[in-house]
Each structure stands twice: as structure tokens, then as C-alpha cells.
Amino acid sequence: MNSIVDVKNLTKSFDGKKALKAINLVIEHKHMTALLGPSGSGKSTLLRHLSGLMFSDKAGGGEIKVLGKVVQSHGRASKDVRHCRSQAGYIFQQFNLVNRLTVMTNVLIGALSYTPTWRTLTGQFTTEQKQQAMAALERVGMAEFAHQRVSTLSGGQQQRVAIARALMQKAKIIFADEPIASLDPESSRIVMELLRDINQKEGIPVIVTLHQVEHALNYCQHVVALKEGEIFYQGESRELDRKAIESLYRGADKVIE
Ligand code: ADP
Ligand code: MG
């Protein structure tokens with residue numbers, strides 16, 4: 001079987017400073033994987049590369065495959081990059097929903113292969129798509145809010161809508177970048193349980209960046225930890241060397257953003 005993620009020698013520099021330093025990372029299973037590491041260790045940069053939203057250095061930047069397809073190679077998009085992007089559901093800390101639109105419309109946007117403008121949205125979805133969007137909302141427990149504007153929802157509810165949008169997109173892999181960093185503990189629990197449930201029942205691999213080791217232990221079977229742009233640890237979370245991971249955060253100026 002193909003690996004879920006296969007990163008070879010990935011290097012990314014910003015203004016001459018290396019944010020990712022020749023990273024090699026293979027993830028072969030479909031379990032939920034936590035990406036840990038202090039602020040600035042390169043977690044978001046790595047996720048953006050995996051999803052084809054950002055490109056590596058052109059000289060010696062390495063190669064990235066996701067779900068068996070090359071996303072990019074030495075800073076250049078592969079011929080499959082659009083396909084790779086359409087397969088990757090991306091969940092952001094700040095939800096990235098369109099506030100003035102309804103919950104339903106935000107989910108329907110997941111069915112589009114382009115970024116829509118407000119005007120082009122009206123009346124362009126089929127009945128079948130609307131049924132699928134409603135099913136996705138039911139899946140995340142948000143169906144009763146379908147016709148409300150996103151701006152009326154709490155952060156936890158918005159994150160569930162963002163997950164429904166990824167389901168509507170028929171994402172084959174989900175990258176979640178600090179999905180609970182802006183949420184209260186109860187909403188965090190609901191969102192993490194939902195991601196875990198989708199991972200287990202729908203079989204969609206989830207790679208999630210987290211700030212707290214505790215969350216990784218509670219929800220993820222697998223852990224990858226970054227330190228200053230390098231892989232510091234990779235393994236099963238039940239075998240996690242907690243002390244080693246916690247030492248990562250020592251001296252970090254901010255653990256929780
Ligand atoms: P994390 O998500 O682990 O907090 P990031 O991936 O955001 O870390 O950042 C890793 C490093 O790369 C940091 O030093 C950060 O300042 C730098 N960096 C990230 N994105 C950019 C960017 N767009 N421009 C310049 N520097 C960046
Ligand atoms: Mg980040």
C-alpha cells in the first residue's frame with residue numbers, strides 16, 4: 001500500500017532562514033496523527049506543504065507525496081497538485097468560513113473546485129448537493145443551524161461547520177492546523193472527538209497540529225514532534241516519551257498561543 005504521507009528531504013527557507021531542515025517523514029497508517037512542537041517549530045509550514053498550499057525551496061527542496069501522488073518536487077507543483085489540493089480538507093484555527101453566509105452555503109462551498117465570489121454562489125447548487133451538505137451537517141451535529149448565518153455561531157460550532165465543509169469536499173485526508181487553539185475546553189473536546197470519530201468511522205487520515213501533549217495522548221494514536229524545523233520524535237502516542245516531548249517546550253516562550 002502507498003504511504004499516506006511520504007516526505008523526502010523537505011527544506012523550506014524564509015529570507016535565508018530554514019524553517020524546515022531536510023525533513024524526512026513517512027506515515028503509513030491512516031490513524032490520527034498529532035503534530036507537536038513549540039511555536040515556530042515549523043508545524044504550520046509542514047502542513048501547508050503537504051496540502052500544496054506552499055512550496056519548498058527550489059534548490060534542494062525535496063519531494064512530497066500524499067496518498068501516493070506527488071504534490072510537489074523541489075519547489076514546483078506537480079501535475080497532480082490540483083487533484084492533491086482537492087483531496088485535502090484543511091481545517092484552520094480561525095475556521096475560515098464566510099461569516100455573512102449561512103452555515104449551509106459555507107458547507108456547499110466545499111463542493112466547489114474554485115474560490116467563489118458572493119455573487120456566483122446564488123442558485124448554483126443542485127438538490128443532490130444540498131442533500132449532501134445537509135448530511136454533512138448532520139454528521140457533525142449542526143443540521144439545526146443550517147439556515148443561520150455563521151456569524152451567529154460559537155467558535156466550536158464554526159469549527160464543526162468547517163469539518164462538515166471538508167466532508168462535503170469528499171476530502172481523502174484532513175489537515176487540521178491548531179483546530180482547537182481558539183476554543184474553550186468543552187468545545188475542544190467536542191471537536192477533537194469529532195475528528196477522531198471521522199478518522200475511525202470514515203477512515204479519513206487526520207493530521208492535526210496541537211499545542212498540548214495531553215490532547216495528543218488523549219486523541220491521537222501517533223505523534224510526530226518538530227523542533228526547530230527538524231523531526232524530533234515520531235512514534236505511537238502510547239509509547240511516547242513524555243519527558244522528551246515536554247522538554248521540547250521548555251524554554252519555549254509560548255506553549256499556548
Ligand atoms: P509553528 O506552526 O510550529 O508555530 P510555523 O510553521 O508557523 O511554526 O513557522 C516556522 C518558522 O518559519 C518560524 O520561524 C516562522 O517565523 C517562519 N515562517 C513561517 N511562515 C513564514 C512566512 N510566510 N514568512 C516568513 N517566515 C515564516
Ligand atoms: Mg502554526
# chains A, B, ... in the order shown; residues from 1 in each chain; ligands from 1
>>> closest_atom_pairs(of="stretch 75-176 of chain A", to="stretch 44-64 of chain A", cutoff="12 Å", atoms="only C-alpha atoms", output="tab-separated table")
residue	atom	partner	partner_atom	distance
A:Gly75	CA	A:Ser56	CA	4.3
A:Arg76	CA	A:Phe55	CA	6.6
A:Ala77	CA	A:Phe55	CA	7.4
A:Ser78	CA	A:Gly52	CA	9.3
A:Lys79	CA	A:Gly52	CA	11.6
A:Asp80	CA	A:Gly52	CA	10.0
A:Val81	CA	A:Gly52	CA	6.5
A:Arg82	CA	A:Gly52	CA	8.2
A:His83	CA	A:Gly52	CA	9.9
A:Cys84	CA	A:Ser51	CA	6.9
A:Arg85	CA	A:Ser51	CA	5.8
A:Ser86	CA	A:Ser51	CA	9.1
A:Gln87	CA	A:Ser51	CA	8.7
A:Ala88	CA	A:Ser51	CA	6.0
A:Gly89	CA	A:Ser51	CA	8.4
A:Tyr90	CA	A:Ser51	CA	7.8
A:Ile91	CA	A:Leu47	CA	10.6
A:Phe92	CA	A:Ser44	CA	10.0
A:Gln93	CA	A:Ser44	CA	10.7
A:Ala171	CA	A:Ser51	CA	11.3
A:Lys172	CA	A:Ser51	CA	11.5
A:Ile173	CA	A:Ser51	CA	9.3
A:Ile174	CA	A:Ser51	CA	9.2
A:Phe175	CA	A:Leu47	CA	6.7
A:Ala176	CA	A:Leu47	CA	8.2
>>> write_last_selection(atoms="N, CA and C atoms", output="mmCIF file, in the first residue's frame")
data_model
loop_
_atom_site.group_PDB
_atom_site.id
_atom_site.type_symbol
_atom_site.label_atom_id
_atom_site.label_comp_id
_atom_site.auth_asym_id
_atom_site.auth_seq_id
_atom_site.Cartn_x
_atom_site.Cartn_y
_atom_site.Cartn_z
ATOM 1 N N GLY A 75 10.241 22.558 -5.000
ATOM 2 C CA GLY A 75 9.629 23.876 -5.085
ATOM 3 C C GLY A 75 8.663 24.055 -6.231
ATOM 4 N N ARG A 76 8.408 23.001 -6.973
ATOM 5 C CA ARG A 76 7.483 23.126 -8.103
ATOM 6 C C ARG A 76 6.288 22.220 -7.927
ATOM 7 N N ALA A 77 5.136 22.758 -8.307
ATOM 8 C CA ALA A 77 3.901 21.978 -8.236
ATOM 9 C C ALA A 77 4.016 20.801 -9.192
ATOM 10 N N SER A 78 3.472 19.662 -8.797
ATOM 11 C CA SER A 78 3.449 18.516 -9.709
ATOM 12 C C SER A 78 2.232 18.648 -10.625
ATOM 13 N N LYS A 79 2.144 17.765 -11.603
ATOM 14 C CA LYS A 79 0.971 17.792 -12.488
ATOM 15 C C LYS A 79 -0.299 17.435 -11.725
ATOM 16 N N ASP A 80 -0.134 16.784 -10.573
ATOM 17 C CA ASP A 80 -1.295 16.354 -9.784
ATOM 18 C C ASP A 80 -1.660 17.324 -8.660
ATOM 19 N N VAL A 81 -1.018 18.491 -8.625
ATOM 20 C CA VAL A 81 -1.193 19.334 -7.433
ATOM 21 C C VAL A 81 -2.651 19.757 -7.215
ATOM 22 N N ARG A 82 -3.378 20.015 -8.293
ATOM 23 C CA ARG A 82 -4.784 20.424 -8.134
ATOM 24 C C ARG A 82 -5.613 19.283 -7.550
ATOM 25 N N HIS A 83 -5.343 18.099 -8.055
ATOM 26 C CA HIS A 83 -6.010 16.910 -7.531
ATOM 27 C C HIS A 83 -5.679 16.739 -6.034
ATOM 28 N N CYS A 84 -4.390 16.897 -5.709
ATOM 29 C CA CYS A 84 -3.959 16.756 -4.309
ATOM 30 C C CYS A 84 -4.669 17.786 -3.426
ATOM 31 N N ARG A 85 -4.762 19.024 -3.910
ATOM 32 C CA ARG A 85 -5.439 20.064 -3.116
ATOM 33 C C ARG A 85 -6.904 19.730 -2.920
ATOM 34 N N SER A 86 -7.534 19.194 -3.960
ATOM 35 C CA SER A 86 -8.967 18.920 -3.852
ATOM 36 C C SER A 86 -9.225 17.738 -2.913
ATOM 37 N N GLN A 87 -8.215 16.893 -2.726
ATOM 38 C CA GLN A 87 -8.376 15.757 -1.811
ATOM 39 C C GLN A 87 -8.089 16.111 -0.364
ATOM 40 N N ALA A 88 -7.460 17.260 -0.156
ATOM 41 C CA ALA A 88 -7.027 17.626 1.193
ATOM 42 C C ALA A 88 -8.012 18.601 1.826
ATOM 43 N N GLY A 89 -8.672 18.155 2.896
ATOM 44 C CA GLY A 89 -9.506 19.069 3.665
ATOM 45 C C GLY A 89 -8.613 19.808 4.641
ATOM 46 N N TYR A 90 -8.759 21.116 4.723
ATOM 47 C CA TYR A 90 -7.875 21.899 5.587
ATOM 48 C C TYR A 90 -8.718 22.601 6.641
ATOM 49 N N ILE A 91 -8.391 22.358 7.886
ATOM 50 C CA ILE A 91 -9.124 22.984 8.989
ATOM 51 C C ILE A 91 -8.186 23.988 9.653
ATOM 52 N N PHE A 92 -8.653 25.221 9.804
ATOM 53 C CA PHE A 92 -7.808 26.296 10.321
ATOM 54 C C PHE A 92 -8.195 26.673 11.755
ATOM 55 N N GLN A 93 -7.246 27.242 12.452
ATOM 56 C CA GLN A 93 -7.536 27.723 13.811
ATOM 57 C C GLN A 93 -8.694 28.715 13.816
ATOM 58 N N ALA A 171 -13.073 15.049 1.174
ATOM 59 C CA ALA A 171 -11.640 15.014 1.473
ATOM 60 C C ALA A 171 -11.196 13.581 1.741
ATOM 61 N N LYS A 172 -10.038 13.232 1.198
ATOM 62 C CA LYS A 172 -9.485 11.897 1.433
ATOM 63 C C LYS A 172 -8.457 11.931 2.559
ATOM 64 N N ILE A 173 -8.081 13.151 2.953
ATOM 65 C CA ILE A 173 -7.174 13.335 4.093
ATOM 66 C C ILE A 173 -7.509 14.696 4.697
ATOM 67 N N ILE A 174 -7.407 14.806 6.016
ATOM 68 C CA ILE A 174 -7.701 16.091 6.661
ATOM 69 C C ILE A 174 -6.440 16.592 7.368
ATOM 70 N N PHE A 175 -6.082 17.840 7.056
ATOM 71 C CA PHE A 175 -5.008 18.531 7.754
ATOM 72 C C PHE A 175 -5.662 19.585 8.631
ATOM 73 N N ALA A 176 -5.446 19.506 9.926
ATOM 74 C CA ALA A 176 -6.073 20.470 10.833
ATOM 75 C C ALA A 176 -4.974 21.221 11.570
#
>>> residues_near_ligand(ligand="ligand 2", cutoff="7 Å", atoms="only C-alpha atoms and all ligand atoms", output="list in words")
Ser39, Gly40, Gly42, Lys43, Ser44, Asp177 and Glu178 of chain A
>>> select_by_dssp(residues="stretch 128-220 of chain A", states="strand (DSSP E or B)", output="ChimeraX atom specification")
/A:149,173-177,206-209
>>> select_by_dssp(residues="stretch 93-233 of chain A", states="helix (DSSP H, G or I)", output="PyMOL selection string")
chain A and resi 103-111+118-121+127-139+143-145+150-152+155-168+185-201+213-219
>>> closest_residue(among="A:Lys8, A:Lys30, A:Lys21, A:Arg139", to="ligand 1", atoms="only C-alpha atoms and all ligand atoms")
A:Lys21
>>> residues_around(residues="stretch 150-165 of chain A", least_positions_apart="2", cutoff="7 Å", atoms="only C-alpha atoms", output="PyMOL selection string")
chain A and resi 91+95+97+99-103+106-108+110+136-137+140+148+167-169+183+187+191
>>> write_last_selection(atoms="N, CA and C atoms", output="mmCIF file, in the first residue's frame")
data_model
loop_
_atom_site.group_PDB
_atom_site.id
_atom_site.type_symbol
_atom_site.label_atom_id
_atom_site.label_comp_id
_atom_site.auth_asym_id
_atom_site.auth_seq_id
_atom_site.Cartn_x
_atom_site.Cartn_y
_atom_site.Cartn_z
ATOM 1 N N ILE A 91 -8.391 22.358 7.886
ATOM 2 C CA ILE A 91 -9.124 22.984 8.989
ATOM 3 C C ILE A 91 -8.186 23.988 9.653
ATOM 4 N N PHE A 95 -11.116 28.989 11.593
ATOM 5 C CA PHE A 95 -12.265 28.405 10.902
ATOM 6 C C PHE A 95 -12.359 28.723 9.398
ATOM 7 N N LEU A 97 -14.428 30.491 7.603
ATOM 8 C CA LEU A 97 -15.758 30.414 6.998
ATOM 9 C C LEU A 97 -16.142 31.819 6.545
ATOM 10 N N ASN A 99 -18.486 34.568 7.062
ATOM 11 C CA ASN A 99 -19.390 34.922 8.168
ATOM 12 C C ASN A 99 -20.790 35.318 7.752
ATOM 13 N N ARG A 100 -20.891 36.058 6.630
ATOM 14 C CA ARG A 100 -22.215 36.601 6.292
ATOM 15 C C ARG A 100 -23.088 35.577 5.559
ATOM 16 N N LEU A 101 -22.500 34.444 5.189
ATOM 17 C CA LEU A 101 -23.289 33.407 4.522
ATOM 18 C C LEU A 101 -23.828 32.417 5.545
ATOM 19 N N THR A 102 -24.832 31.656 5.105
ATOM 20 C CA THR A 102 -25.401 30.671 6.021
ATOM 21 C C THR A 102 -24.439 29.493 6.198
ATOM 22 N N VAL A 103 -24.725 28.738 7.241
ATOM 23 C CA VAL A 103 -23.978 27.523 7.520
ATOM 24 C C VAL A 103 -24.022 26.592 6.298
ATOM 25 N N ASN A 106 -21.891 27.741 3.399
ATOM 26 C CA ASN A 106 -20.484 27.511 3.704
ATOM 27 C C ASN A 106 -20.089 26.058 3.475
ATOM 28 N N VAL A 107 -20.985 25.153 3.813
ATOM 29 C CA VAL A 107 -20.682 23.733 3.591
ATOM 30 C C VAL A 107 -20.686 23.432 2.094
ATOM 31 N N LEU A 108 -21.664 24.003 1.385
ATOM 32 C CA LEU A 108 -21.752 23.783 -0.066
ATOM 33 C C LEU A 108 -20.489 24.250 -0.798
ATOM 34 N N GLY A 110 -17.670 23.672 -0.059
ATOM 35 C CA GLY A 110 -16.768 22.516 -0.112
ATOM 36 C C GLY A 110 -16.888 21.713 -1.398
ATOM 37 N N ALA A 136 -23.816 16.158 5.686
ATOM 38 C CA ALA A 136 -22.536 16.513 6.329
ATOM 39 C C ALA A 136 -22.797 17.284 7.628
ATOM 40 N N LEU A 137 -23.802 18.166 7.585
ATOM 41 C CA LEU A 137 -24.137 18.927 8.799
ATOM 42 C C LEU A 137 -24.700 18.012 9.880
ATOM 43 N N VAL A 140 -21.907 16.232 11.720
ATOM 44 C CA VAL A 140 -21.168 16.988 12.749
ATOM 45 C C VAL A 140 -22.104 17.570 13.814
ATOM 46 N N GLN A 148 -28.849 29.344 9.565
ATOM 47 C CA GLN A 148 -28.353 30.506 10.307
ATOM 48 C C GLN A 148 -27.077 31.026 9.666
ATOM 49 N N LEU A 167 -15.978 17.428 4.721
ATOM 50 C CA LEU A 167 -16.701 16.203 4.342
ATOM 51 C C LEU A 167 -17.410 16.403 3.009
ATOM 52 N N MET A 168 -17.996 17.594 2.833
ATOM 53 C CA MET A 168 -18.676 17.932 1.572
ATOM 54 C C MET A 168 -17.680 17.886 0.411
ATOM 55 N N GLN A 169 -16.478 18.298 0.696
ATOM 56 C CA GLN A 169 -15.389 18.295 -0.305
ATOM 57 C C GLN A 169 -14.971 16.855 -0.651
ATOM 58 N N LEU A 183 -10.488 27.573 21.106
ATOM 59 C CA LEU A 183 -11.732 27.069 21.699
ATOM 60 C C LEU A 183 -11.600 26.816 23.199
ATOM 61 N N SER A 187 -15.654 22.817 24.044
ATOM 62 C CA SER A 187 -15.699 22.826 22.574
ATOM 63 C C SER A 187 -14.506 22.080 21.995
ATOM 64 N N VAL A 191 -14.760 18.958 19.335
ATOM 65 C CA VAL A 191 -14.098 18.997 18.022
ATOM 66 C C VAL A 191 -13.083 17.849 17.890
#
>>> closest_residue(among="A:Ala111, A:Leu20, A:Leu10, A:Ile180", to="ligand 1", atoms="only C-alpha atoms and all ligand atoms")
A:Leu20
